[in-house]
>>> print(open('target.txt').read())   # compact mmCIF, N, CA and C atoms and all ligand atoms
# COMPACT_ATOMS: atom_id res chain seq x y z
N MET A 45 0.86 -1.21 0.00
CA MET A 45 0.00 0.00 0.00
C MET A 45 0.89 1.25 0.00
N SER A 46 0.53 2.23 -0.82
CA SER A 46 1.33 3.46 -0.86
C SER A 46 1.13 4.27 0.42
N LEU A 47 2.08 5.19 0.65
CA LEU A 47 1.97 6.05 1.83
C LEU A 47 0.68 6.87 1.75
N LYS A 48 0.35 7.33 0.55
CA LYS A 48 -0.89 8.11 0.38
C LYS A 48 -2.11 7.26 0.72
N ALA A 49 -2.14 6.04 0.24
CA ALA A 49 -3.29 5.16 0.51
C ALA A 49 -3.41 4.87 2.01
N ALA A 50 -2.27 4.69 2.67
CA ALA A 50 -2.30 4.43 4.11
C ALA A 50 -2.83 5.64 4.87
N ALA A 51 -2.40 6.83 4.46
CA ALA A 51 -2.86 8.06 5.13
C ALA A 51 -4.35 8.28 4.87
N ALA A 52 -4.79 8.02 3.65
CA ALA A 52 -6.20 8.21 3.31
C ALA A 52 -7.08 7.21 4.06
N ALA A 53 -6.57 5.99 4.23
CA ALA A 53 -7.36 4.96 4.92
C ALA A 53 -7.53 5.30 6.39
N VAL A 54 -6.45 5.69 7.05
CA VAL A 54 -6.56 5.99 8.49
C VAL A 54 -7.34 7.27 8.74
N ARG A 55 -7.32 8.16 7.77
CA ARG A 55 -8.10 9.40 7.90
C ARG A 55 -9.57 9.10 8.14
N ARG A 56 -10.05 8.02 7.61
CA ARG A 56 -11.46 7.67 7.77
C ARG A 56 -11.81 7.37 9.23
N ASN A 57 -10.80 7.10 10.05
CA ASN A 57 -11.04 6.83 11.48
C ASN A 57 -10.91 8.08 12.34
N ALA A 58 -10.59 9.20 11.72
CA ALA A 58 -10.39 10.43 12.51
C ALA A 58 -11.64 10.74 13.35
N HIS A 59 -11.39 11.24 14.55
CA HIS A 59 -12.47 11.67 15.43
C HIS A 59 -12.44 13.19 15.43
N ALA A 60 -13.24 13.78 14.56
CA ALA A 60 -13.18 15.23 14.38
C ALA A 60 -14.59 15.84 14.35
N PRO A 61 -15.38 15.60 15.42
CA PRO A 61 -16.76 16.10 15.41
C PRO A 61 -16.85 17.61 15.61
N TYR A 62 -15.78 18.25 16.03
CA TYR A 62 -15.84 19.69 16.33
C TYR A 62 -15.39 20.51 15.13
N SER A 63 -14.31 20.09 14.49
CA SER A 63 -13.85 20.84 13.31
C SER A 63 -14.42 20.26 12.02
N ASN A 64 -14.86 19.02 12.07
CA ASN A 64 -15.26 18.32 10.84
C ASN A 64 -14.14 18.31 9.81
N PHE A 65 -12.91 18.35 10.29
CA PHE A 65 -11.75 18.35 9.41
C PHE A 65 -10.93 17.10 9.75
N GLN A 66 -11.12 16.08 8.94
CA GLN A 66 -10.46 14.81 9.22
C GLN A 66 -9.10 14.75 8.53
N VAL A 67 -8.11 14.35 9.29
CA VAL A 67 -6.73 14.31 8.79
C VAL A 67 -6.16 12.92 9.02
N GLY A 68 -5.38 12.46 8.05
CA GLY A 68 -4.66 11.20 8.19
C GLY A 68 -3.18 11.43 7.93
N ALA A 69 -2.34 10.72 8.65
CA ALA A 69 -0.89 10.82 8.43
C ALA A 69 -0.29 9.44 8.36
N ALA A 70 0.66 9.27 7.44
CA ALA A 70 1.40 8.01 7.34
C ALA A 70 2.88 8.34 7.33
N ILE A 71 3.62 7.60 8.14
CA ILE A 71 5.06 7.82 8.29
C ILE A 71 5.78 6.53 7.96
N ARG A 72 6.78 6.62 7.08
CA ARG A 72 7.63 5.46 6.85
C ARG A 72 8.84 5.59 7.76
N ALA A 73 9.10 4.54 8.53
CA ALA A 73 10.24 4.56 9.45
C ALA A 73 11.44 3.90 8.78
N ALA A 74 12.58 3.97 9.47
CA ALA A 74 13.84 3.48 8.89
C ALA A 74 13.76 2.01 8.50
N SER A 75 12.99 1.22 9.22
CA SER A 75 12.86 -0.22 8.91
C SER A 75 12.05 -0.45 7.64
N GLY A 76 11.32 0.59 7.20
CA GLY A 76 10.43 0.44 6.05
C GLY A 76 8.97 0.31 6.48
N THR A 77 8.76 0.02 7.75
CA THR A 77 7.39 -0.11 8.26
C THR A 77 6.68 1.23 8.22
N VAL A 78 5.39 1.18 7.88
CA VAL A 78 4.58 2.40 7.82
C VAL A 78 3.70 2.48 9.06
N TYR A 79 3.73 3.64 9.70
CA TYR A 79 2.90 3.89 10.89
C TYR A 79 1.89 4.98 10.54
N VAL A 80 0.68 4.83 11.06
CA VAL A 80 -0.38 5.77 10.70
C VAL A 80 -1.01 6.40 11.93
N GLY A 81 -1.62 7.55 11.71
CA GLY A 81 -2.35 8.23 12.78
C GLY A 81 -3.40 9.15 12.20
N CYS A 82 -4.41 9.44 13.02
CA CYS A 82 -5.47 10.37 12.61
C CYS A 82 -5.68 11.37 13.74
N ASN A 83 -6.33 12.48 13.41
CA ASN A 83 -6.59 13.44 14.48
C ASN A 83 -7.69 12.92 15.40
N VAL A 84 -7.52 13.20 16.68
CA VAL A 84 -8.46 12.74 17.72
C VAL A 84 -8.84 13.96 18.55
N GLU A 85 -10.00 14.52 18.24
CA GLU A 85 -10.42 15.74 18.95
C GLU A 85 -11.10 15.40 20.26
N ASN A 86 -11.26 16.42 21.10
CA ASN A 86 -11.87 16.25 22.41
C ASN A 86 -12.79 17.42 22.68
N VAL A 87 -13.86 17.18 23.44
CA VAL A 87 -14.78 18.26 23.77
C VAL A 87 -14.06 19.38 24.53
N ALA A 88 -13.02 19.02 25.26
CA ALA A 88 -12.12 20.04 25.82
C ALA A 88 -11.08 20.31 24.73
N TYR A 89 -11.37 21.29 23.90
CA TYR A 89 -10.67 21.46 22.62
C TYR A 89 -9.14 21.33 22.65
N PRO A 90 -8.45 21.95 23.63
CA PRO A 90 -6.97 21.86 23.58
C PRO A 90 -6.44 20.44 23.78
N GLU A 91 -7.28 19.53 24.21
CA GLU A 91 -6.82 18.16 24.43
C GLU A 91 -6.78 17.33 23.15
N GLY A 92 -7.25 17.88 22.07
CA GLY A 92 -7.22 17.16 20.80
C GLY A 92 -5.80 16.95 20.31
N THR A 93 -5.61 15.90 19.52
CA THR A 93 -4.27 15.63 18.98
C THR A 93 -4.33 15.53 17.45
N CYS A 94 -3.22 15.88 16.83
CA CYS A 94 -3.13 15.88 15.37
C CYS A 94 -2.80 14.48 14.84
N ALA A 95 -3.09 14.29 13.57
CA ALA A 95 -2.81 13.01 12.91
C ALA A 95 -1.31 12.67 12.96
N GLU A 96 -0.48 13.67 12.74
CA GLU A 96 0.97 13.43 12.73
C GLU A 96 1.43 12.94 14.10
N ALA A 97 0.87 13.53 15.16
CA ALA A 97 1.26 13.14 16.52
C ALA A 97 0.89 11.68 16.76
N GLY A 98 -0.28 11.26 16.25
CA GLY A 98 -0.69 9.87 16.41
C GLY A 98 0.23 8.91 15.69
N ALA A 99 0.64 9.28 14.49
CA ALA A 99 1.53 8.41 13.72
C ALA A 99 2.90 8.32 14.38
N ILE A 100 3.37 9.45 14.88
CA ILE A 100 4.67 9.46 15.58
C ILE A 100 4.59 8.59 16.83
N ALA A 101 3.51 8.71 17.58
CA ALA A 101 3.36 7.90 18.80
C ALA A 101 3.35 6.41 18.46
N ALA A 102 2.68 6.04 17.37
CA ALA A 102 2.64 4.63 16.98
C ALA A 102 4.04 4.13 16.61
N MET A 103 4.80 4.98 15.91
CA MET A 103 6.16 4.60 15.52
C MET A 103 7.05 4.39 16.75
N VAL A 104 6.98 5.34 17.66
CA VAL A 104 7.84 5.25 18.84
C VAL A 104 7.42 4.07 19.73
N ALA A 105 6.12 3.86 19.84
CA ALA A 105 5.63 2.73 20.65
C ALA A 105 6.09 1.40 20.07
N ALA A 106 6.31 1.36 18.76
CA ALA A 106 6.77 0.13 18.11
C ALA A 106 8.29 -0.02 18.21
N GLY A 107 8.95 0.98 18.80
CA GLY A 107 10.39 0.86 19.00
C GLY A 107 11.24 1.52 17.95
N GLU A 108 10.62 2.37 17.11
CA GLU A 108 11.40 3.04 16.07
C GLU A 108 11.48 4.54 16.35
N THR A 109 12.62 5.13 16.02
CA THR A 109 12.80 6.55 16.32
C THR A 109 13.34 7.34 15.13
N LYS A 110 13.31 6.73 13.94
CA LYS A 110 13.78 7.46 12.76
C LYS A 110 12.74 7.35 11.65
N LEU A 111 12.34 8.49 11.14
CA LEU A 111 11.38 8.48 10.04
C LEU A 111 12.05 8.97 8.77
N THR A 112 11.60 8.43 7.64
CA THR A 112 12.26 8.74 6.36
C THR A 112 11.31 9.37 5.34
N GLU A 113 10.03 9.32 5.59
CA GLU A 113 9.06 9.85 4.63
C GLU A 113 7.73 10.09 5.34
N VAL A 114 7.05 11.16 4.94
CA VAL A 114 5.78 11.52 5.60
C VAL A 114 4.74 11.88 4.54
N TYR A 115 3.50 11.46 4.78
CA TYR A 115 2.38 11.87 3.92
C TYR A 115 1.24 12.31 4.84
N VAL A 116 0.70 13.49 4.58
CA VAL A 116 -0.43 14.01 5.37
C VAL A 116 -1.56 14.33 4.41
N ILE A 117 -2.77 13.92 4.78
CA ILE A 117 -3.89 14.12 3.85
C ILE A 117 -5.15 14.58 4.60
N ALA A 118 -5.90 15.47 3.96
CA ALA A 118 -7.19 15.90 4.49
C ALA A 118 -8.18 15.91 3.33
N GLY A 119 -9.33 16.51 3.54
CA GLY A 119 -10.35 16.47 2.50
C GLY A 119 -10.67 17.83 1.92
N SER A 120 -9.88 18.82 2.25
CA SER A 120 -10.10 20.18 1.79
C SER A 120 -9.66 20.33 0.33
N PRO A 121 -10.12 21.38 -0.36
CA PRO A 121 -9.73 21.55 -1.77
C PRO A 121 -8.21 21.65 -1.97
N MET A 122 -7.52 22.25 -1.00
CA MET A 122 -6.07 22.28 -1.13
C MET A 122 -5.44 21.38 -0.07
N PRO A 123 -4.23 20.89 -0.34
CA PRO A 123 -3.58 19.96 0.58
C PRO A 123 -3.45 20.55 1.98
N VAL A 124 -3.33 19.65 2.97
CA VAL A 124 -3.20 20.10 4.35
C VAL A 124 -1.72 20.28 4.69
N SER A 125 -1.44 21.35 5.39
CA SER A 125 -0.07 21.68 5.77
C SER A 125 0.10 21.42 7.27
N PRO A 126 1.12 20.67 7.67
CA PRO A 126 1.27 20.35 9.10
C PRO A 126 1.35 21.60 9.97
N CYS A 127 0.71 21.56 11.12
CA CYS A 127 0.74 22.72 12.03
C CYS A 127 2.16 22.90 12.58
N GLY A 128 2.40 24.02 13.19
CA GLY A 128 3.74 24.33 13.71
C GLY A 128 4.23 23.30 14.71
N GLY A 129 3.34 22.91 15.62
CA GLY A 129 3.73 21.92 16.64
C GLY A 129 4.12 20.60 16.00
N CYS A 130 3.38 20.19 14.98
CA CYS A 130 3.68 18.91 14.33
C CYS A 130 4.98 19.00 13.53
N ARG A 131 5.29 20.15 13.02
CA ARG A 131 6.58 20.30 12.31
C ARG A 131 7.72 20.04 13.28
N GLN A 132 7.60 20.58 14.48
CA GLN A 132 8.64 20.34 15.49
C GLN A 132 8.65 18.87 15.91
N LYS A 133 7.50 18.27 16.04
CA LYS A 133 7.43 16.84 16.43
C LYS A 133 8.07 15.97 15.36
N LEU A 134 7.81 16.28 14.09
CA LEU A 134 8.40 15.49 13.01
C LEU A 134 9.91 15.68 12.98
N ALA A 135 10.36 16.90 13.24
CA ALA A 135 11.80 17.20 13.21
C ALA A 135 12.55 16.44 14.31
N GLU A 136 11.86 16.05 15.35
CA GLU A 136 12.49 15.28 16.43
C GLU A 136 13.00 13.93 15.91
N PHE A 137 12.32 13.40 14.90
CA PHE A 137 12.62 12.03 14.44
C PHE A 137 13.06 11.96 12.99
N GLY A 138 13.10 13.09 12.31
CA GLY A 138 13.45 13.06 10.89
C GLY A 138 14.53 14.07 10.55
N ALA A 139 15.40 13.72 9.60
CA ALA A 139 16.42 14.64 9.12
C ALA A 139 15.77 15.72 8.26
N GLY A 140 16.52 16.81 8.07
CA GLY A 140 15.99 17.94 7.31
C GLY A 140 15.59 17.58 5.89
N GLU A 141 16.25 16.55 5.31
CA GLU A 141 15.97 16.18 3.91
C GLU A 141 14.74 15.29 3.77
N VAL A 142 14.14 14.89 4.88
CA VAL A 142 12.97 13.98 4.80
C VAL A 142 11.85 14.62 3.99
N PRO A 143 11.37 13.92 2.95
CA PRO A 143 10.28 14.48 2.15
C PRO A 143 8.93 14.37 2.86
N VAL A 144 8.20 15.47 2.81
CA VAL A 144 6.85 15.51 3.38
C VAL A 144 5.90 15.83 2.22
N THR A 145 4.97 14.94 1.96
CA THR A 145 3.98 15.19 0.92
C THR A 145 2.66 15.54 1.56
N MET A 146 2.09 16.64 1.08
CA MET A 146 0.79 17.10 1.58
C MET A 146 -0.23 16.87 0.48
N GLY A 147 -1.32 16.22 0.83
CA GLY A 147 -2.31 15.89 -0.19
C GLY A 147 -3.72 16.12 0.29
N THR A 148 -4.65 15.79 -0.58
CA THR A 148 -6.07 15.93 -0.28
C THR A 148 -6.83 14.80 -0.98
N THR A 149 -7.92 14.39 -0.35
CA THR A 149 -8.76 13.37 -0.98
C THR A 149 -9.66 14.00 -2.05
N ALA A 150 -9.67 15.35 -2.08
CA ALA A 150 -10.59 16.05 -2.99
C ALA A 150 -10.11 16.05 -4.44
N ASN A 151 -8.81 15.98 -4.64
CA ASN A 151 -8.26 15.98 -6.00
C ASN A 151 -6.82 15.45 -5.94
N ASP A 152 -6.11 15.54 -7.06
CA ASP A 152 -4.76 14.95 -7.12
C ASP A 152 -3.64 15.93 -6.76
N THR A 153 -4.02 17.13 -6.30
CA THR A 153 -2.98 18.10 -5.95
C THR A 153 -2.11 17.58 -4.82
N GLU A 154 -0.80 17.73 -5.00
CA GLU A 154 0.14 17.38 -3.93
C GLU A 154 1.17 18.49 -3.80
N TRP A 155 1.52 18.80 -2.57
CA TRP A 155 2.63 19.71 -2.32
C TRP A 155 3.77 18.88 -1.77
N HIS A 156 4.97 19.17 -2.26
CA HIS A 156 6.15 18.43 -1.82
C HIS A 156 7.14 19.38 -1.17
N MET A 157 7.47 19.10 0.07
CA MET A 157 8.46 19.91 0.77
C MET A 157 9.32 18.99 1.63
N THR A 158 10.45 19.50 2.11
CA THR A 158 11.25 18.73 3.07
C THR A 158 10.97 19.26 4.47
N LEU A 159 11.42 18.48 5.45
CA LEU A 159 11.22 18.92 6.84
C LEU A 159 11.91 20.25 7.11
N SER A 160 13.11 20.43 6.54
CA SER A 160 13.82 21.69 6.82
C SER A 160 13.16 22.88 6.11
N GLU A 161 12.49 22.61 5.00
CA GLU A 161 11.73 23.70 4.36
C GLU A 161 10.50 24.05 5.19
N LEU A 162 9.91 23.04 5.81
CA LEU A 162 8.73 23.29 6.64
C LEU A 162 9.08 23.97 7.95
N LEU A 163 10.30 23.69 8.44
CA LEU A 163 10.69 24.25 9.73
C LEU A 163 12.14 24.74 9.68
N PRO A 164 12.36 25.83 8.94
CA PRO A 164 13.74 26.35 8.85
C PRO A 164 14.21 26.84 10.21
N GLY A 165 15.48 26.59 10.48
CA GLY A 165 16.05 27.06 11.75
C GLY A 165 15.49 26.33 12.95
N ALA A 166 15.10 25.07 12.76
CA ALA A 166 14.46 24.32 13.85
C ALA A 166 15.30 24.30 15.11
N PHE A 167 14.63 24.46 16.22
CA PHE A 167 15.29 24.32 17.52
C PHE A 167 15.76 22.88 17.65
N ASN A 168 17.03 22.69 18.03
CA ASN A 168 17.52 21.33 18.25
C ASN A 168 18.49 21.34 19.43
N LYS A 169 19.04 20.16 19.75
CA LYS A 169 19.82 20.07 21.00
C LYS A 169 21.09 20.90 20.95
N ASP A 170 21.60 21.21 19.77
CA ASP A 170 22.80 22.06 19.67
C ASP A 170 22.56 23.43 20.31
N HIS A 171 21.30 23.87 20.24
CA HIS A 171 21.00 25.19 20.80
C HIS A 171 21.14 25.21 22.31
N MET A 172 21.17 24.05 22.94
CA MET A 172 21.27 24.00 24.40
C MET A 172 22.71 23.82 24.87
N ASP A 173 23.63 23.62 23.89
CA ASP A 173 25.03 23.39 24.25
C ASP A 173 25.59 24.58 25.04
N GLY A 174 26.25 24.29 26.14
CA GLY A 174 26.93 25.32 26.90
C GLY A 174 26.02 26.22 27.71
N ALA A 175 24.76 25.92 27.75
CA ALA A 175 23.84 26.79 28.49
C ALA A 175 23.99 26.57 30.00
N1 LIG B 1 -4.89 18.79 12.15
C1 LIG B 1 -4.09 17.69 12.01
O1 LIG B 1 -4.43 16.60 12.49
N2 LIG B 1 -2.93 17.83 11.34
C2 LIG B 1 -2.53 18.95 10.71
O2 LIG B 1 -1.47 18.96 10.10
C3 LIG B 1 -3.37 20.16 10.74
C4 LIG B 1 -4.54 20.10 11.65
C5 LIG B 1 -6.17 18.63 12.85
C6 LIG B 1 -6.24 19.21 14.22
C7 LIG B 1 -7.72 19.41 14.38
O3 LIG B 1 -8.31 18.20 14.83
C8 LIG B 1 -8.22 19.70 12.97
O4 LIG B 1 -7.19 19.25 12.11
C9 LIG B 1 -8.51 21.16 12.70
O5 LIG B 1 -7.44 21.96 13.07
>>> encode(input="target.txt", output="structure tokens")
Amino acid sequence: MSLKAAAAAVRRNAHAPYSNFQVGAAIRAASGTVYVGCNVENVAYPEGTCAEAGAIAAMVAAGETKLTEVYVIAGSPMPVSPCGGCRQKLAEFGAGEVPVTMGTTANDTEWHMTLSELLPGAFNKDHMDGA
């Protein structure tokens, strides 16, 4: 199954009764295994989690800490762009060159960017050196 198909499939399980904006994410880890996640909203709005966070949690729970490819999909006319927090979460486990594809179930439009393009100047552990 392609990364896009995996992201589109898990998106159908999203719990998004408040925004009605269902998102799916699929991450390929270093082993080649694909991990998926969907957004899970909560009536206490700030407690909701993004699709990317779910996929990352699944990857880490399975014992993997390196991701090599990401696909995020929603149903809006234009592709979905990962939120700021998710960009930082992805950067924790992926190198700057990791390709991130943003897509939509509405049409074939895809945006292609790398993690470093999505989060230039990312905060990392080097910034804490000597503090
Ligand atoms: N959302 C994601 O799951 N991933 C993104 O990259 C953007 C936003 C979710 C969070 C919330 O449940 C809904 O989309 C609307 O913001």
>>> residues_near_ligand(input="target.txt", ligand="ligand LIG 1 (chain B)", cutoff="10 Å", atoms="only C-alpha atoms and all ligand atoms", output="PyMOL selection string")
chain A and resi 55+58-69+81-86+89-98+116-118+123-131+146
>>> write_last_selection(input="target.txt", atoms="N, CA and C atoms", output="tab-separated table (two decimals), keeping the file's coordinate frame")
chain	number	residue	atom	x	y	z
A	55	ARG	N	-7.32	8.16	7.77
A	55	ARG	CA	-8.10	9.40	7.90
A	55	ARG	C	-9.57	9.10	8.14
A	58	ALA	N	-10.59	9.20	11.72
A	58	ALA	CA	-10.39	10.43	12.51
A	58	ALA	C	-11.64	10.74	13.35
A	59	HIS	N	-11.39	11.24	14.55
A	59	HIS	CA	-12.47	11.67	15.43
A	59	HIS	C	-12.44	13.19	15.43
A	60	ALA	N	-13.24	13.78	14.56
A	60	ALA	CA	-13.18	15.23	14.38
A	60	ALA	C	-14.59	15.84	14.35
A	61	PRO	N	-15.38	15.60	15.42
A	61	PRO	CA	-16.76	16.10	15.41
A	61	PRO	C	-16.85	17.61	15.61
A	62	TYR	N	-15.78	18.25	16.03
A	62	TYR	CA	-15.84	19.69	16.33
A	62	TYR	C	-15.39	20.51	15.13
A	63	SER	N	-14.31	20.09	14.49
A	63	SER	CA	-13.85	20.84	13.31
A	63	SER	C	-14.42	20.26	12.02
A	64	ASN	N	-14.86	19.02	12.07
A	64	ASN	CA	-15.26	18.32	10.84
A	64	ASN	C	-14.14	18.31	9.81
A	65	PHE	N	-12.91	18.35	10.29
A	65	PHE	CA	-11.75	18.35	9.41
A	65	PHE	C	-10.93	17.10	9.75
A	66	GLN	N	-11.12	16.08	8.94
A	66	GLN	CA	-10.46	14.81	9.22
A	66	GLN	C	-9.10	14.75	8.53
A	67	VAL	N	-8.11	14.35	9.29
A	67	VAL	CA	-6.73	14.31	8.79
A	67	VAL	C	-6.16	12.92	9.02
A	68	GLY	N	-5.38	12.46	8.05
A	68	GLY	CA	-4.66	11.20	8.19
A	68	GLY	C	-3.18	11.43	7.93
A	69	ALA	N	-2.34	10.72	8.65
A	69	ALA	CA	-0.89	10.82	8.43
A	69	ALA	C	-0.29	9.44	8.36
A	81	GLY	N	-1.62	7.55	11.71
A	81	GLY	CA	-2.35	8.23	12.78
A	81	GLY	C	-3.40	9.15	12.20
A	82	CYS	N	-4.41	9.44	13.02
A	82	CYS	CA	-5.47	10.37	12.61
A	82	CYS	C	-5.68	11.37	13.74
A	83	ASN	N	-6.33	12.48	13.41
A	83	ASN	CA	-6.59	13.44	14.48
A	83	ASN	C	-7.69	12.92	15.40
A	84	VAL	N	-7.52	13.20	16.68
A	84	VAL	CA	-8.46	12.74	17.72
A	84	VAL	C	-8.84	13.96	18.55
A	85	GLU	N	-10.00	14.52	18.24
A	85	GLU	CA	-10.42	15.74	18.95
A	85	GLU	C	-11.10	15.40	20.26
A	86	ASN	N	-11.26	16.42	21.10
A	86	ASN	CA	-11.87	16.25	22.41
A	86	ASN	C	-12.79	17.42	22.68
A	89	TYR	N	-11.37	21.29	23.90
A	89	TYR	CA	-10.67	21.46	22.62
A	89	TYR	C	-9.14	21.33	22.65
A	90	PRO	N	-8.45	21.95	23.63
A	90	PRO	CA	-6.97	21.86	23.58
A	90	PRO	C	-6.44	20.44	23.78
A	91	GLU	N	-7.28	19.53	24.21
A	91	GLU	CA	-6.82	18.16	24.43
A	91	GLU	C	-6.78	17.33	23.15
A	92	GLY	N	-7.25	17.88	22.07
A	92	GLY	CA	-7.22	17.16	20.80
A	92	GLY	C	-5.80	16.95	20.31
A	93	THR	N	-5.61	15.90	19.52
A	93	THR	CA	-4.27	15.63	18.98
A	93	THR	C	-4.33	15.53	17.45
A	94	CYS	N	-3.22	15.88	16.83
A	94	CYS	CA	-3.13	15.88	15.37
A	94	CYS	C	-2.80	14.48	14.84
A	95	ALA	N	-3.09	14.29	13.57
A	95	ALA	CA	-2.81	13.01	12.91
A	95	ALA	C	-1.31	12.67	12.96
A	96	GLU	N	-0.48	13.67	12.74
A	96	GLU	CA	0.97	13.43	12.73
A	96	GLU	C	1.43	12.94	14.10
A	97	ALA	N	0.87	13.53	15.16
A	97	ALA	CA	1.26	13.14	16.52
A	97	ALA	C	0.89	11.68	16.76
A	98	GLY	N	-0.28	11.26	16.25
A	98	GLY	CA	-0.69	9.87	16.41
A	98	GLY	C	0.23	8.91	15.69
A	116	VAL	N	0.70	13.49	4.58
A	116	VAL	CA	-0.43	14.01	5.37
A	116	VAL	C	-1.56	14.33	4.41
A	117	ILE	N	-2.77	13.92	4.78
A	117	ILE	CA	-3.89	14.12	3.85
A	117	ILE	C	-5.15	14.58	4.60
A	118	ALA	N	-5.90	15.47	3.96
A	118	ALA	CA	-7.19	15.90	4.49
A	118	ALA	C	-8.18	15.91	3.33
A	123	PRO	N	-4.23	20.89	-0.34
A	123	PRO	CA	-3.58	19.96	0.58
A	123	PRO	C	-3.45	20.55	1.98
A	124	VAL	N	-3.33	19.65	2.97
A	124	VAL	CA	-3.20	20.10	4.35
A	124	VAL	C	-1.72	20.28	4.69
A	125	SER	N	-1.44	21.35	5.39
A	125	SER	CA	-0.07	21.68	5.77
A	125	SER	C	0.10	21.42	7.27
A	126	PRO	N	1.12	20.67	7.67
A	126	PRO	CA	1.27	20.35	9.10
A	126	PRO	C	1.35	21.60	9.97
A	127	CYS	N	0.71	21.56	11.12
A	127	CYS	CA	0.74	22.72	12.03
A	127	CYS	C	2.16	22.90	12.58
A	128	GLY	N	2.40	24.02	13.19
A	128	GLY	CA	3.74	24.33	13.71
A	128	GLY	C	4.23	23.30	14.71
A	129	GLY	N	3.34	22.91	15.62
A	129	GLY	CA	3.73	21.92	16.64
A	129	GLY	C	4.12	20.60	16.00
A	130	CYS	N	3.38	20.19	14.98
A	130	CYS	CA	3.68	18.91	14.33
A	130	CYS	C	4.98	19.00	13.53
A	131	ARG	N	5.29	20.15	13.02
A	131	ARG	CA	6.58	20.30	12.31
A	131	ARG	C	7.72	20.04	13.28
A	146	MET	N	2.09	16.64	1.08
A	146	MET	CA	0.79	17.10	1.58
A	146	MET	C	-0.23	16.87	0.48
>>> atom_distance(input="target.txt", atom1="atom N of Ser75 (chain A)", atom2="atom C of Thr145 (chain A)")
19.2 Å
>>> closest_residue(input="target.txt", among="A:Thr158, A:Thr77, A:Asn168, A:Asn151", to="Pro121 (chain A)", atoms="only C-alpha atoms")
A:Asn151
>>> select_by_dssp(input="target.txt", residues="region 65-147 of chain A", states="strand (DSSP E)", output="VMD selection string")
chain A and resid 68 to 73 78 to 82 111 to 118 143 to 147
>>> atom_distance(input="target.txt", atom1="CA of Gly138 (chain A)", atom2="CA of Asp173 (chain A)")
20.5 Å
>>> residues_around(input="target.txt", residues="Thr109 (chain A)", least_positions_apart="4", cutoff="6.5 Å", atoms="only N, CA and C atoms", output="PyMOL selection string")
chain A and resi 103-104+137-138
>>> write_last_selection(input="target.txt", atoms="N, CA and C atoms", output="tab-separated table (two decimals), in the frame of the given file")
chain	number	residue	atom	x	y	z
A	103	MET	N	4.80	4.98	15.91
A	103	MET	CA	6.16	4.60	15.52
A	103	MET	C	7.05	4.39	16.75
A	104	VAL	N	6.98	5.34	17.66
A	104	VAL	CA	7.84	5.25	18.84
A	104	VAL	C	7.42	4.07	19.73
A	137	PHE	N	12.32	13.40	14.90
A	137	PHE	CA	12.62	12.03	14.44
A	137	PHE	C	13.06	11.96	12.99
A	138	GLY	N	13.10	13.09	12.31
A	138	GLY	CA	13.45	13.06	10.89
A	138	GLY	C	14.53	14.07	10.55
>>> select_by_dssp(input="target.txt", residues="chain A", states="helix (DSSP H, G or I)", output="VMD selection string")
chain A and resid 47 to 55 89 to 91 95 to 105 128 to 137 159 to 162 169 to 172
>>> closest_residue(input="target.txt", among="A:Ala106, A:Glu113, A:Ser120, A:Ala166", to="Val144 (chain A)", atoms="all atoms listed in the file")
A:Glu113
>>> atom_distance(input="target.txt", atom1="atom N of Val142 (chain A)", atom2="CA of Gly119 (chain A)")
24.7 Å
>>> axis_aligned_box(input="target.txt", around="region 144-150 of chain A", padding_each_side="5 Å", output="lines of an AutoDock Vina configuration file")
center_x = -1.2
center_y = 15.2
center_z = -0.5
size_x = 28.8
size_y = 13.7
size_z = 17.8
>>> closest_residue(input="target.txt", among="A:Ala175, A:Met122, A:Ile100, A:Ala50", to="Ala150 (chain A)", atoms="all atoms listed in the file")
A:Met122
